[in-house]
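Q: Take this structure, written in structure tokens, and hold onto it; I'll ask about it next.
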Amino acid sequence: MDSANQHFDIAITGGGAAGLSLAMHLIHAGLDKKWKVVIIDKDSKESNDRTWCFWEKEKGLFDAIIYKKWSHLIFNHPIERLHLDISPYTYKMLRGIDFYSHCKEAIHNSSITWMKANIRNILNENGKVSIETDQDKFTASKVFDSTRKVPLVQPPHYHLLQHFKGIIIETQEASFNPEAATFMDFDTNQNNDTRFIYLLPFSKTKALVEYTIFSEQLLDKQAYSAALNNYLTAQGISQYKLIEEEFGVIPMTDYYFEKQQGAITYIGTAGGLTKASSGYTFGFIQKNCKHIIDQLLDKPNAVRESQARFNFYDSVLLGLLTRKELPARDIFYKLFSKNPPSTVLSFLNNETTLLQEMSLFFRLPIIPFAKSALRELLNGKAFKT
């Protein structure tokens, strides 16, 4: 396609979870027929490079391609194993390749233009945006950008990394319960960090096992594999077939991301949609896409984005973890053992009321949380978005 000197109503720069989700929401709302839209990414999106998990109460836009879902979760702490009925939520798993294929097919059958190119520059100019790629240069009235890098974060803000290695394995004998997913298994050596295992079973013989760490530095590559092998051995699984591997790094920061610059709106991690205290992103992207669609349609009752107080809660928890004042496994254990699972998941989704939040907080260690909250208040972090 020769897009030189072309003008688009909307340009989506970056074709990952945020960019493709927004394209799908535009199509679902019929806005691809109303406006001239382009989506740009350097990659063809043909590999199963990641897995997204999230929880919803109702059917979502991507329910048709959900690979596996669970209504029961397991939370494991060294002192107790909790079996959680998460109704009315469902925990959903979406494979990258299924998401990419589904979105690309929908885009191909829509009025949206797909452009494979390296983005060199995105610049506000005279009320519109100039976009330069390695192929063309063109303009757009609005740009939704997910390519901006997370900046170097300086105190008083916190910046941890959530890094993980996941493997999909298959065993000869029945080794898993496909009706329940292990949400967090903290019965593993913490090494003064936050470390846990996800175990997401697809069948009695096939599962995704993922080793996740919250820390400031990555581990040696061999350390992830060793931890996974140790965990599987402890579960009585020594022989298995390795089907797939994935590795990822997610920023966990309370840095105040600029949401908009002129006609450029930032989305995805670039727009601060990664939950600072958990790393979950996909569900928040969907809420943000609905908010964007409502704004584009000039709806008076647009979906509200996450309230500022949740950002403050995230800062309080990140501070505790960064200063290593409380083990994360004990904090999450208190949350899940002392409260209805659905309320905890609502809280982690930024969906609780203030009254519900107060009830949750009173079941946590009061003094460390109060000290951390006061520190963040003095650092001016209260009620900022």
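In the structure tokens, the first chain shown is A, the next is B, and so on; residue numbers restart at 1 for each chain, and ligands run from 1 in the order shown.
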Would you list the contacts of Thr13 in chain A as a ChimeraX atom specification, taking every protein, DNA or RNA residue within 6 Å and counting only C-alpha atoms, but skipping same-chain residues closer than 4 positions in sequence?

A: /A:39-40,145

Q: Go ahead and write the selection's residues with all heavy atoms as a PDB file, in the first residue's frame.

A:
ATOM      1  N   ILE A  39      -3.692   0.397  11.293  1.00  0.00           N
ATOM      2  CA  ILE A  39      -2.944  -0.155  12.427  1.00  0.00           C
ATOM      3  C   ILE A  39      -1.561  -0.555  11.919  1.00  0.00           C
ATOM      4  O   ILE A  39      -1.432  -1.171  10.852  1.00  0.00           O
ATOM      5  CB  ILE A  39      -3.684  -1.342  13.081  1.00  0.00           C
ATOM      6  CG1 ILE A  39      -2.908  -1.844  14.299  1.00  0.00           C
ATOM      7  CG2 ILE A  39      -3.972  -2.456  12.097  1.00  0.00           C
ATOM      8  CD1 ILE A  39      -3.718  -2.810  15.177  1.00  0.00           C
ATOM      9  N   ILE A  40      -0.528  -0.199  12.683  1.00  0.00           N
ATOM     10  CA  ILE A  40       0.858  -0.383  12.225  1.00  0.00           C
ATOM     11  C   ILE A  40       1.641  -1.177  13.259  1.00  0.00           C
ATOM     12  O   ILE A  40       1.619  -0.861  14.449  1.00  0.00           O
ATOM     13  CB  ILE A  40       1.567   0.975  12.022  1.00  0.00           C
ATOM     14  CG1 ILE A  40       0.675   1.944  11.236  1.00  0.00           C
ATOM     15  CG2 ILE A  40       2.918   0.796  11.348  1.00  0.00           C
ATOM     16  CD1 ILE A  40       0.986   3.390  11.501  1.00  0.00           C
ATOM     17  N   ASP A 145      -1.319   5.125  20.718  1.00  0.00           N
ATOM     18  CA  ASP A 145       0.050   4.602  20.660  1.00  0.00           C
ATOM     19  C   ASP A 145       0.362   3.696  21.844  1.00  0.00           C
ATOM     20  O   ASP A 145       0.193   4.095  22.999  1.00  0.00           O
ATOM     21  CB  ASP A 145       1.039   5.769  20.629  1.00  0.00           C
ATOM     22  CG  ASP A 145       2.484   5.307  20.601  1.00  0.00           C
ATOM     23  OD1 ASP A 145       2.776   4.316  19.901  1.00  0.00           O
ATOM     24  OD2 ASP A 145       3.322   5.911  21.298  1.00  0.00           O
TER      25      ASP A 145
END

Q: Using DSSP on the backbone coordinates, identify all residues within range 210-373 of chain A classified as strand (DSSP E); present the result as a list in words.

A: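 Secondary structure check on range 210-373 of chain A, strand (DSSP E): Glu210, Tyr211, Thr212, Ile213, Phe214, Ser215, Lys241, Leu242, Ile243, Glu244, Glu245, Glu246, Phe247, Gly248, Val249, Ile250, Pro251, Met252, Thr253, Gln260, Gln261, Ile264, Thr265 and Tyr266 of chain A.
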
Q: Would you mind telling me which residue in A:Phe362, A:Phe347, A:Tyr256, A:Phe312 lies nearest to Gln154 in chain A when using only C-alpha atoms?

A: A:Tyr256

Q: With only C-alpha atoms counted and 12 Å as the cut-off, give the residues of range 141-243 of chain A in contact with range 114-122 of chain A, each with its shortest interatomic distance in Å and the pair that gives it, as a tab-separated table.

A:
residue	atom	partner	partner_atom	distance
A:Lys142	CA	A:Ile122	CA	11.3
A:Val143	CA	A:Ile122	CA	8.8
A:Phe144	CA	A:Ile122	CA	10.6
A:Asp145	CA	A:Ile122	CA	8.9
A:Ser146	CA	A:Ile119	CA	11.4
A:Thr147	CA	A:Ile119	CA	8.7
A:Arg148	CA	A:Ile122	CA	9.9

Q: List as an MDAnalysis selection string the protein and nucleic acid residues near range 180-188 of chain A, meaning an atom at most 9 Å away when only C-alpha atoms are counted, but skip any in the same chain fewer than 5 places from it.

A: chainID A and resid 69:79 81 83 91 194:201 227 231 329

Q: Kindly provide the residues of range 225-292 of chain A that approach range 331-346 of chain A to within 12 Å, each paired with its closest atom pair and their distance in Å to one decimal, based on only C-alpha atoms, listed by chain and increasing number, as CSV.

A:
residue,atom,partner,partner_atom,distance
A:Ser277,CA,A:Phe332,CA,11.2
A:Ser278,CA,A:Phe332,CA,10.7
A:Tyr280,CA,A:Leu345,CA,11.6
A:Gly283,CA,A:Ser346,CA,11.8

Q: Could you tell me how far CA of Leu242 in chain A sits from CA of Thr51 in chain A, in Å to one decimal place?

A: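 A separation of 16.4 Å between them.
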
Q: Compile the contact shell of Asn379 in chain A as a ChimeraX atom specification: residues with an atom at most 10 Å away, counting only C-alpha atoms, same-chain residues fewer than 6 positions apart removed.

A: /A:155-157,373

Q: Just checking: using only C-alpha atoms, which residue out of A:Asn48, A:Thr212, A:Thr205, A:Gln172 ends up closest to Gln190 in chain A?

A: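 With only C-alpha atoms as the atom set, the closest residue is A:Thr212.
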
Q: Skip range 319-323 of chain A itself and residues of its chain fewer than 4 positions away, then list as a ChimeraX atom specification all residues within 7 Å of it, counting only C-alpha atoms.

A: /A:158,315,328,372

Q: Quick one: residues within 8 Å of Gly248 in chain A, only C-alpha atoms, excluding same-chain residues fewer than 5 positions away - as a ChimeraX atom specification?

A: /A:50,163-165

Q: How far is it from CA of Leu378 in chain A to CA of Asn350 in chain A, in Å with one decimal?

A: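 About the pair CA of Leu378 in chain A and CA of Asn350 in chain A: they are 23.4 Å apart.
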
Q: Quick one, how far is CA of Tyr211 in chain A from CA of Asn288 in chain A?

A: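 Interatomic distance here is 28.6 Å.
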
Q: Extract, using only C-alpha atoms, all DNA, RNA and protein residues at most 12 Å from Tyr255 in chain A, discarding same-chain residues fewer than 3 positions from it, and format them as a ChimeraX atom specification.

A: /A:150-160,251-252,258-259,269-276,311-312,314-315,318,381,384-385

Q: Counting only C-alpha atoms, which of A:Phe310, A:Phe282, A:Glu132, A:Asp9 gets nearest to Gly60 in chain A?

A: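 Closest residue, counting only C-alpha atoms: A:Phe282.
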
Q: Compare A:Phe54, A:Tyr240, A:Phe214, A:Phe138 by their minimum atom-to-atom distance to Thr171 in chain A, counting only C-alpha atoms, and give me the closest one.

A: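 Using only C-alpha atoms, Thr171 in chain A sits closest to A:Tyr240.
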
Q: With 10 Å as the cut-off and only C-alpha atoms counted, what is the closest atom pair between each nearby residue of range 17-36 of chain A and range 106-112 of chain A? Distances in Å to one decimal, ordered by chain and number, as CSV.

A:
residue,atom,partner,partner_atom,distance
A:Leu20,CA,A:Ile107,CA,8.9
A:Ala23,CA,A:Ile107,CA,7.5
A:Met24,CA,A:Ala106,CA,7.4
A:Leu26,CA,A:Ile112,CA,9.3
A:Ile27,CA,A:Ser110,CA,7.1
A:His28,CA,A:Ala106,CA,9.8
A:Gly30,CA,A:Ser110,CA,9.3
A:Leu31,CA,A:Ser111,CA,9.2
A:Asp32,CA,A:Ser111,CA,5.5
A:Lys33,CA,A:Ser111,CA,6.0
A:Lys34,CA,A:Ser111,CA,9.1
A:Trp35,CA,A:Ser111,CA,8.7
A:Lys36,CA,A:Ile112,CA,7.0
